[in-house]
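Asks: What follows is my_file.cif; its format and atoms are mmCIF, C-alpha atoms and all ligand atoms.
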```
data_data
loop_
_atom_site.label_atom_id
_atom_site.label_comp_id
_atom_site.auth_asym_id
_atom_site.auth_seq_id
_atom_site.Cartn_x
_atom_site.Cartn_y
_atom_site.Cartn_z
CA MET A 1 -36.31 -5.63 3.62
CA ASN A 2 -37.01 -6.54 7.27
CA PRO A 3 -35.78 -9.41 9.47
CA VAL A 4 -38.94 -11.53 9.02
CA ILE A 5 -38.86 -11.28 5.21
CA ASP A 6 -35.12 -12.02 5.29
CA LEU A 7 -35.70 -15.09 7.47
CA LEU A 8 -38.53 -16.44 5.29
CA SER A 9 -36.49 -15.84 2.15
CA SER A 10 -33.51 -17.76 3.53
CA HIS A 11 -35.44 -20.99 4.22
CA ARG A 12 -33.96 -24.27 3.05
CA SER A 13 -34.61 -27.73 4.41
CA VAL A 14 -31.86 -29.06 6.68
CA ARG A 15 -31.24 -32.82 6.89
CA LYS A 16 -27.92 -32.95 8.78
CA PHE A 17 -27.61 -31.80 12.37
CA THR A 18 -24.88 -31.35 14.99
CA ASP A 19 -25.13 -33.37 18.21
CA LYS A 20 -25.96 -30.21 20.16
CA PRO A 21 -29.34 -30.71 21.82
CA VAL A 22 -32.14 -28.20 21.43
CA GLU A 23 -32.60 -26.51 24.79
CA GLU A 24 -35.96 -27.30 26.37
CA SER A 25 -36.82 -23.63 27.04
CA MET A 26 -36.09 -22.83 23.39
CA PHE A 27 -38.24 -25.72 22.22
CA GLN A 28 -41.15 -24.68 24.45
CA ALA A 29 -40.93 -21.09 23.17
CA ILE A 30 -40.98 -22.36 19.57
CA VAL A 31 -44.08 -24.49 20.16
CA LYS A 32 -45.91 -21.66 21.94
CA ALA A 33 -45.15 -19.32 19.02
CA ALA A 34 -46.34 -21.97 16.58
CA GLN A 35 -49.65 -22.21 18.45
CA CYS A 36 -50.31 -18.56 17.60
CA ALA A 37 -50.95 -19.48 13.96
CA SER A 38 -54.43 -18.64 12.70
CA THR A 39 -56.88 -21.47 13.24
CA SER A 40 -60.24 -22.05 11.62
CA ASN A 41 -63.05 -21.17 14.10
CA HIS A 42 -60.39 -21.39 16.83
CA VAL A 43 -60.66 -25.20 16.69
CA GLN A 44 -56.87 -25.74 17.12
CA ALA A 45 -57.43 -29.17 15.67
CA TYR A 46 -53.93 -30.58 16.08
CA THR A 47 -51.63 -32.49 18.39
CA ILE A 48 -47.83 -32.57 18.16
CA ILE A 49 -46.09 -35.74 19.33
CA ARG A 50 -42.38 -35.39 20.21
CA ILE A 51 -40.57 -38.70 19.86
CA LYS A 52 -37.41 -39.24 21.88
CA ASP A 53 -37.47 -43.06 22.09
CA LYS A 54 -34.61 -44.30 19.88
CA GLY A 55 -36.32 -47.57 18.97
CA ILE A 56 -39.51 -45.84 17.82
CA ARG A 57 -37.46 -43.26 15.92
CA LYS A 58 -35.63 -46.02 14.08
CA GLN A 59 -38.93 -47.65 13.13
CA ILE A 60 -40.36 -44.34 11.88
CA ALA A 61 -37.13 -43.58 9.96
CA ASP A 62 -37.36 -46.98 8.24
CA LEU A 63 -41.08 -46.65 7.49
CA SER A 64 -40.45 -43.19 6.02
CA GLY A 65 -38.00 -44.24 3.39
CA PRO A 66 -35.62 -45.04 5.10
CA GLN A 67 -34.68 -41.46 5.95
CA SER A 68 -31.67 -41.44 8.28
CA TRP A 69 -32.26 -37.84 9.43
CA VAL A 70 -35.48 -38.94 11.15
CA GLU A 71 -33.34 -41.11 13.42
CA GLN A 72 -30.49 -38.63 13.86
CA ALA A 73 -32.25 -35.28 14.35
CA PRO A 74 -32.09 -33.94 17.92
CA VAL A 75 -35.84 -33.32 17.75
CA PHE A 76 -38.41 -35.31 15.80
CA LEU A 77 -42.09 -34.35 15.82
CA VAL A 78 -45.21 -35.93 14.37
CA PHE A 79 -48.02 -33.49 13.56
CA CYS A 80 -51.50 -34.95 13.86
CA ALA A 81 -54.71 -33.41 12.60
CA ASP A 82 -56.87 -34.01 15.64
CA LEU A 83 -60.64 -33.76 16.13
CA THR A 84 -60.72 -35.72 19.40
CA ARG A 85 -60.87 -32.68 21.70
CA LEU A 86 -63.75 -31.29 19.66
CA GLU A 87 -65.62 -34.55 20.04
CA SER A 88 -65.10 -34.40 23.83
CA ALA A 89 -66.46 -30.85 23.84
CA CYS A 90 -69.61 -32.16 22.14
CA ASP A 91 -69.92 -34.96 24.73
CA MET A 92 -69.53 -32.47 27.55
CA HIS A 93 -72.28 -30.25 26.17
CA GLY A 94 -74.65 -33.04 25.25
CA GLU A 95 -74.20 -32.61 21.51
CA LYS A 96 -73.63 -35.39 19.01
CA ALA A 97 -70.42 -34.75 17.05
CA GLN A 98 -70.84 -34.83 13.28
CA ASN A 99 -67.82 -36.83 12.25
CA GLY A 100 -66.20 -37.80 9.00
CA TRP A 101 -67.01 -34.76 6.85
CA ALA A 102 -64.59 -33.70 4.13
CA GLU A 103 -64.78 -30.09 5.39
CA GLN A 104 -63.58 -31.17 8.86
CA PHE A 105 -60.73 -33.01 7.19
CA VAL A 106 -59.73 -29.83 5.35
CA VAL A 107 -60.08 -27.66 8.47
CA ALA A 108 -57.97 -29.95 10.68
CA THR A 109 -55.34 -30.55 8.00
CA VAL A 110 -54.98 -26.84 7.18
CA ASP A 111 -54.80 -25.95 10.90
CA THR A 112 -52.05 -28.53 11.36
CA ALA A 113 -50.06 -27.25 8.39
CA LEU A 114 -50.28 -23.63 9.58
CA LEU A 115 -49.10 -24.65 13.06
CA ALA A 116 -46.22 -26.65 11.62
CA GLN A 117 -45.05 -23.91 9.26
CA ASN A 118 -45.13 -21.41 12.15
CA LEU A 119 -43.10 -23.89 14.17
CA MET A 120 -40.51 -24.23 11.39
CA VAL A 121 -40.18 -20.46 11.04
CA ALA A 122 -39.92 -19.98 14.82
CA ALA A 123 -37.21 -22.66 14.94
CA GLU A 124 -35.32 -21.04 12.07
CA SER A 125 -35.52 -17.68 13.85
CA MET A 126 -33.59 -19.31 16.73
CA GLY A 127 -30.84 -20.55 14.38
CA LEU A 128 -32.23 -24.07 14.09
CA GLY A 129 -32.96 -25.87 10.84
CA GLY A 130 -35.34 -28.64 9.90
CA VAL A 131 -37.27 -30.57 7.34
CA PHE A 132 -40.85 -31.75 6.99
CA ILE A 133 -41.29 -35.53 6.66
CA GLY A 134 -44.23 -36.57 4.50
CA GLY A 135 -42.64 -40.02 4.42
CA ILE A 136 -44.53 -40.93 7.61
CA ARG A 137 -47.61 -41.37 5.37
CA ASN A 138 -45.91 -44.32 3.64
CA ASP A 139 -47.51 -46.52 6.25
CA PRO A 140 -49.79 -44.32 8.35
CA GLU A 141 -51.55 -47.29 10.00
CA LYS A 142 -48.27 -48.46 11.49
CA ILE A 143 -47.45 -44.92 12.63
CA CYS A 144 -50.87 -44.76 14.36
CA LYS A 145 -50.21 -48.07 16.08
CA LEU A 146 -46.71 -47.06 17.19
CA LEU A 147 -47.87 -43.69 18.57
CA HIS A 148 -51.35 -44.74 19.77
CA ILE A 149 -53.09 -42.22 17.52
CA PRO A 150 -56.86 -42.75 17.88
CA ASP A 151 -59.68 -42.48 15.35
CA ASN A 152 -60.59 -38.89 14.55
CA ALA A 153 -56.88 -38.03 14.44
CA TYR A 154 -54.24 -38.82 11.81
CA PRO A 155 -50.53 -38.17 11.28
CA VAL A 156 -50.17 -35.50 8.56
CA PHE A 157 -46.37 -35.24 8.48
CA GLY A 158 -43.31 -35.33 10.69
CA MET A 159 -40.58 -32.75 11.22
CA CYS A 160 -36.87 -33.03 12.05
CA LEU A 161 -35.28 -30.11 13.91
CA GLY A 162 -31.83 -29.32 15.25
CA HIS A 163 -28.73 -27.19 14.93
CA PRO A 164 -27.74 -27.34 11.23
CA ASP A 165 -24.56 -29.18 10.27
CA GLN A 166 -24.89 -28.20 6.60
CA GLU A 167 -25.61 -25.09 4.60
CA PRO A 168 -27.70 -26.17 1.63
CA ALA A 169 -28.24 -23.71 -1.19
CA ILE A 170 -31.64 -22.02 -1.27
CA LYS A 171 -33.93 -23.77 -3.77
CA PRO A 172 -35.31 -21.28 -6.33
CA ARG A 173 -39.09 -20.89 -6.36
CA LEU A 174 -41.36 -20.29 -9.36
CA PRO A 175 -41.21 -16.74 -10.74
CA ILE A 176 -43.87 -14.65 -8.98
CA ASP A 177 -45.78 -13.90 -12.23
CA LEU A 178 -46.75 -17.57 -12.47
CA VAL A 179 -48.06 -17.69 -8.92
CA LEU A 180 -49.62 -14.27 -8.37
CA LYS A 181 -52.45 -13.36 -10.78
CA GLU A 182 -54.64 -10.26 -10.96
CA GLU A 183 -58.45 -10.50 -10.81
CA THR A 184 -58.95 -13.97 -12.34
CA PHE A 185 -57.16 -17.30 -12.27
CA HIS A 186 -55.40 -16.64 -15.57
CA GLY A 187 -54.65 -12.96 -14.92
CA THR A 188 -53.19 -11.04 -17.83
CA LEU A 189 -50.37 -13.45 -18.60
CA GLY A 190 -50.77 -15.08 -22.00
CA LYS A 191 -50.13 -18.81 -22.43
CA LYS A 192 -47.06 -18.05 -24.50
CA ASP A 193 -45.62 -15.74 -21.85
CA ALA A 194 -46.28 -18.33 -19.16
CA ALA A 195 -44.53 -21.02 -21.21
CA GLY A 196 -41.56 -18.70 -21.77
CA ILE A 197 -41.29 -17.97 -18.05
CA LEU A 198 -41.43 -21.71 -17.32
CA ASP A 199 -38.63 -22.32 -19.85
CA GLY A 200 -36.51 -19.91 -17.85
CA TYR A 201 -37.46 -21.56 -14.55
CA ASP A 202 -36.61 -25.00 -15.92
CA LYS A 203 -33.14 -23.70 -16.74
CA THR A 204 -32.77 -22.11 -13.29
CA MET A 205 -33.74 -25.39 -11.58
CA GLN A 206 -31.50 -27.44 -13.87
CA ASP A 207 -28.54 -25.22 -12.92
CA TYR A 208 -29.48 -25.52 -9.24
CA TYR A 209 -29.65 -29.34 -9.37
CA LEU A 210 -26.37 -29.58 -11.33
CA ASN A 211 -24.46 -27.31 -8.98
CA ARG A 212 -25.79 -27.86 -5.46
CA ASP A 213 -23.69 -29.48 -2.71
CA SER A 214 -25.17 -32.98 -2.74
CA ASN A 215 -27.55 -35.26 -4.65
CA LEU A 216 -26.59 -33.71 -7.99
CA LYS A 217 -28.93 -34.49 -10.89
CA ASP A 218 -29.67 -33.29 -14.41
CA GLN A 219 -33.35 -32.45 -14.11
CA THR A 220 -35.66 -29.54 -14.90
CA TRP A 221 -38.64 -28.58 -12.76
CA ARG A 222 -41.15 -29.75 -15.37
CA SER A 223 -39.41 -33.11 -15.86
CA GLN A 224 -39.48 -33.59 -12.08
CA MET A 225 -43.17 -32.68 -11.91
CA ALA A 226 -44.04 -34.91 -14.87
CA ASP A 227 -42.35 -37.78 -13.06
CA PHE A 228 -44.16 -36.94 -9.80
CA MET A 229 -47.64 -36.43 -11.30
CA SER A 230 -47.56 -39.53 -13.49
CA ARG A 231 -46.95 -41.82 -10.52
CA VAL A 232 -49.60 -42.80 -8.03
CA THR A 233 -48.33 -41.80 -4.59
CA ARG A 234 -49.59 -43.44 -1.40
CA PRO A 235 -52.80 -44.89 -2.85
CA HIS A 236 -53.69 -46.22 0.61
CA MET A 237 -54.52 -42.73 1.96
CA LYS A 238 -58.22 -42.76 1.04
CA SER A 239 -58.97 -46.08 2.71
CA PHE A 240 -56.73 -45.17 5.65
CA LEU A 241 -58.62 -41.93 6.30
CA LYS A 242 -61.97 -43.69 5.91
CA LYS A 243 -60.92 -46.33 8.40
CA LYS A 244 -59.94 -43.60 10.85
CA VAL A 245 -63.45 -42.15 10.46
CA PHE A 246 -61.71 -39.00 9.37
CA PHE A 247 -62.98 -38.59 5.85
CA ILE A 248 -66.00 -40.64 4.88
CA ARG A 249 -68.60 -38.16 3.62
C1 LIG B 1 -45.53 -31.70 3.60
C2 LIG B 1 -44.06 -31.87 3.23
C3 LIG B 1 -43.51 -33.14 3.25
C4 LIG B 1 -42.15 -33.31 2.98
N1 LIG B 1 -41.60 -34.56 3.09
C5 LIG B 1 -40.26 -34.70 2.99
C6 LIG B 1 -39.66 -35.96 3.29
O1 LIG B 1 -40.34 -36.96 3.60
N2 LIG B 1 -38.32 -36.05 3.23
C7 LIG B 1 -37.52 -34.97 2.89
O2 LIG B 1 -36.29 -35.12 2.87
N3 LIG B 1 -38.07 -33.77 2.59
C8 LIG B 1 -39.40 -33.60 2.65
N4 LIG B 1 -39.98 -32.38 2.42
C9 LIG B 1 -39.12 -31.22 2.07
C10 LIG B 1 -39.29 -30.79 0.61
O3 LIG B 1 -38.65 -31.71 -0.23
C11 LIG B 1 -38.68 -29.38 0.47
O4 LIG B 1 -39.35 -28.49 1.31
C12 LIG B 1 -38.79 -28.89 -0.98
O5 LIG B 1 -38.02 -29.67 -1.85
C13 LIG B 1 -38.29 -27.44 -1.09
O6 LIG B 1 -36.96 -27.37 -0.60
P1 LIG B 1 -36.56 -26.38 0.59
O7 LIG B 1 -37.42 -26.69 1.78
O8 LIG B 1 -35.10 -26.68 0.87
O9 LIG B 1 -36.76 -24.98 0.10
C14 LIG B 1 -41.34 -32.19 2.63
C15 LIG B 1 -41.92 -30.92 2.59
C16 LIG B 1 -43.27 -30.75 2.88
C17 LIG B 1 -43.87 -29.37 2.86
#
```
Could you rewrite the structure in this file as structure tokens?
Ligand SMILES: Cc1cc2nc3c(=O)[nH]c(=O)nc-3n(C[C@H](O)[C@H](O)[C@H](O)COP(=O)(O)O)c2cc1C

Replies:
Amino acid sequence: MNPVIDLLSSHRSVRKFTDKPVEESMFQAIVKAAQCASTSNHVQAYTIIRIKDKGIRKQIADLSGPQSWVEQAPVFLVFCADLTRLESACDMHGEKAQNGWAEQFVVATVDTALLAQNLMVAAESMGLGGVFIGGIRNDPEKICKLLHIPDNAYPVFGMCLGHPDQEPAIKPRLPIDLVLKEETFHGTLGKKDAAGILDGYDKTMQDYYLNRDSNLKDQTWRSQMADFMSRVTRPHMKSFLKKKVFFIR
């Protein structure tokens, strides 16, 4: 349709990289493009930490799973939602910062995600590949200690980047009629139609998982989601965020 649509439609996470380094000028251009993402009230409430130190990388890779690609990727980034600059602005102007509100948590987290997705797309436009790493939230306190992340900032996710050494198949997304509705939440799609469409998607995902290059499994989308939603994931996040004074009221 056009090169941007083509690029977005060809996204797939990459977890294996060649040894070729990512040129510094390319990396800087990618980060600058990422910074152009929309940002709530222009707060730009994020900080990206690039981690080159091999020892720290190994520790983060282990804490995240282990996930070997965190150690091996030419570039590894940690994206922090960050309100510290905003607090300094208040200090400078004699205002008392109102900290710990849920809305600030949403604003900073959304800003960080928009920046990161822009960064991924910019990287892909340069022929790089990558993968987000939510695994860093397995033990976010340790990540904060390792990377000296202060209160009023928290690590949302990591990202591996590099020149791809694999060509994974594109993972099929939900049919658009389930995601895009007209006028109200339920739109015009009946429950029966929705169930029928999901039956089809389950089959599509089952075929994908049975036939992709690696990590083959016999699973449908709904069986995967049932497994995911019936488990408690990272129950420490609430107390972690409260401790960081990030989300207390
Ligand atoms: C916030 C976030 C966290 C993720 N965390 C991980 C992770 O820790 N490890 C991993 O291998 N993939 C991770 N992924 C990648 C997803 O598994 C992947 O995007 C999803 O399965 C869709 O596949 P695709 O990106 O190849 O289209 C994460 C993705 C997002 C958006």

Asks: If I take CA of Met126 in chain A and CA of Thr18 in chain A, how far is one from the other in Å, to one decimal?

Replies: 15.0 Å

Asks: I'd like to know which of A:Ser64, A:Gln44, A:Thr84, A:Thr220 is closest to ligand LIG 1 (chain B), using all atoms listed in the file.

Replies: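 Among A:Ser64, A:Gln44, A:Thr84, A:Thr220, it is A:Ser64 that comes nearest to ligand LIG 1 (chain B).
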
Asks: When you look at range 47-57 of chain A with a cut-off of 12 Å (counting all atoms listed in the file), what residues show up, excluding the ones that are within fewer than 4 positions of it in the same chain? I need them as JSON, numbers by chain.

Replies: {"A": [21, 27, 28, 31, 32, 34, 35, 43, 61, 62, 63, 64, 66, 67, 68, 69, 70, 71, 72, 73, 74, 75, 76, 77, 78, 79, 80, 81, 82, 83, 84, 85, 108, 109, 111, 112, 113, 115, 116, 119, 136, 142, 143, 144, 145, 146, 147, 148, 149, 150, 152, 153, 154, 155, 156, 157, 158, 159, 160, 161]}

Asks: Nearest to ligand LIG 1 (chain B): which of A:Ala37, A:Leu114, A:Met92, A:Leu86 is it, counting all atoms listed in the file?

Replies: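 Under the stated criterion, the closest residue is A:Leu114.
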
Asks: Go through chain A and flag each residue having an atom no more than 6 Å from ligand LIG 1 (chain B); for those, report the closest pair of atoms plus their distance in Å to one decimal, using only C-alpha atoms and all ligand atoms, ordered by chain and rising number, as CSV.

Replies:
```
residue,atom,partner,partner_atom,distance
A:His11,CA,B:LIG1,O9,5.9
A:Arg12,CA,B:LIG1,O8,3.4
A:Ser13,CA,B:LIG1,O8,3.7
A:Val131,CA,B:LIG1,C9,5.6
A:Phe132,CA,B:LIG1,C14,4.4
A:Ile133,CA,B:LIG1,O1,3.5
A:Gly134,CA,B:LIG1,N1,3.6
A:Gly135,CA,B:LIG1,O1,3.9
A:Lys171,CA,B:LIG1,O9,4.9
```

Asks: Please measure the separation of CA of Lys243 in chain A and CA of Glu141 in chain A, giving the value in Å to one decimal.

Replies: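 Interatomic distance, CA of Lys243 in chain A to CA of Glu141 in chain A: 9.6 Å.
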
Asks: Which protein, DNA or RNA residues have an atom at most 10 Å from (-33.3, -26.1, 8.3), counting all atoms listed in the file? List them as a ChimeraX atom specification.

Replies: /A:10-17,120-121,123-124,127-132,160-168

Asks: Please list as a JSON list (two decimals) with C-alpha atoms, keeping the file's coordinate frame every residue within 12 Å of Lys191 in chain A, counting all atoms listed in the file and excluding residues in the same chain fewer than 6 positions away.

Replies:
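Final output, result.json:
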```json
[["chain", "number", "residue", "atom", "x", "y", "z"],
["A", 178, "LEU", "CA", -46.75, -17.57, -12.47],
["A", 197, "ILE", "CA", -41.29, -17.97, -18.05],
["A", 198, "LEU", "CA", -41.43, -21.71, -17.32]]
```

Asks: Just want the 9 Å neighbourhood of Thr204 in chain A, counted on only C-alpha atoms, with same-chain residues fewer than 5 positions away dropped. Output as a ChimeraX atom specification.

Replies: /A:172,199,209,220-221

Asks: Which one is closest to Asp139 in chain A: A:Val110, A:Ile176, A:Ala29, A:Met237? Count all atoms listed in the file.

Replies: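 Going through A:Val110, A:Ile176, A:Ala29, A:Met237 one by one, the smallest distance to Asp139 in chain A is for A:Met237.
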
Asks: Rank A:Ser239, A:Asn211, A:Thr39, A:Gln206 by their smallest atom-to-atom distance to Ser223 in chain A, using only C-alpha atoms, and report the top residue only.

Replies: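 Under the stated criterion, the closest residue is A:Gln206.
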
Asks: To one decimal place, how far is CA of Leu174 in chain A from CA of Lys203 in chain A in Å?

Replies: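 Between CA of Leu174 in chain A and CA of Lys203 in chain A the gap is 11.6 Å.
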
Asks: Using all atoms listed in the file, give me every residue within 12 Å of (-67.8, -33.5, 14.3) in file coordinates, as a PyMOL selection string.

Replies: chain A and resi 43+45+82-91+95-105+107-108+152-153+245-249
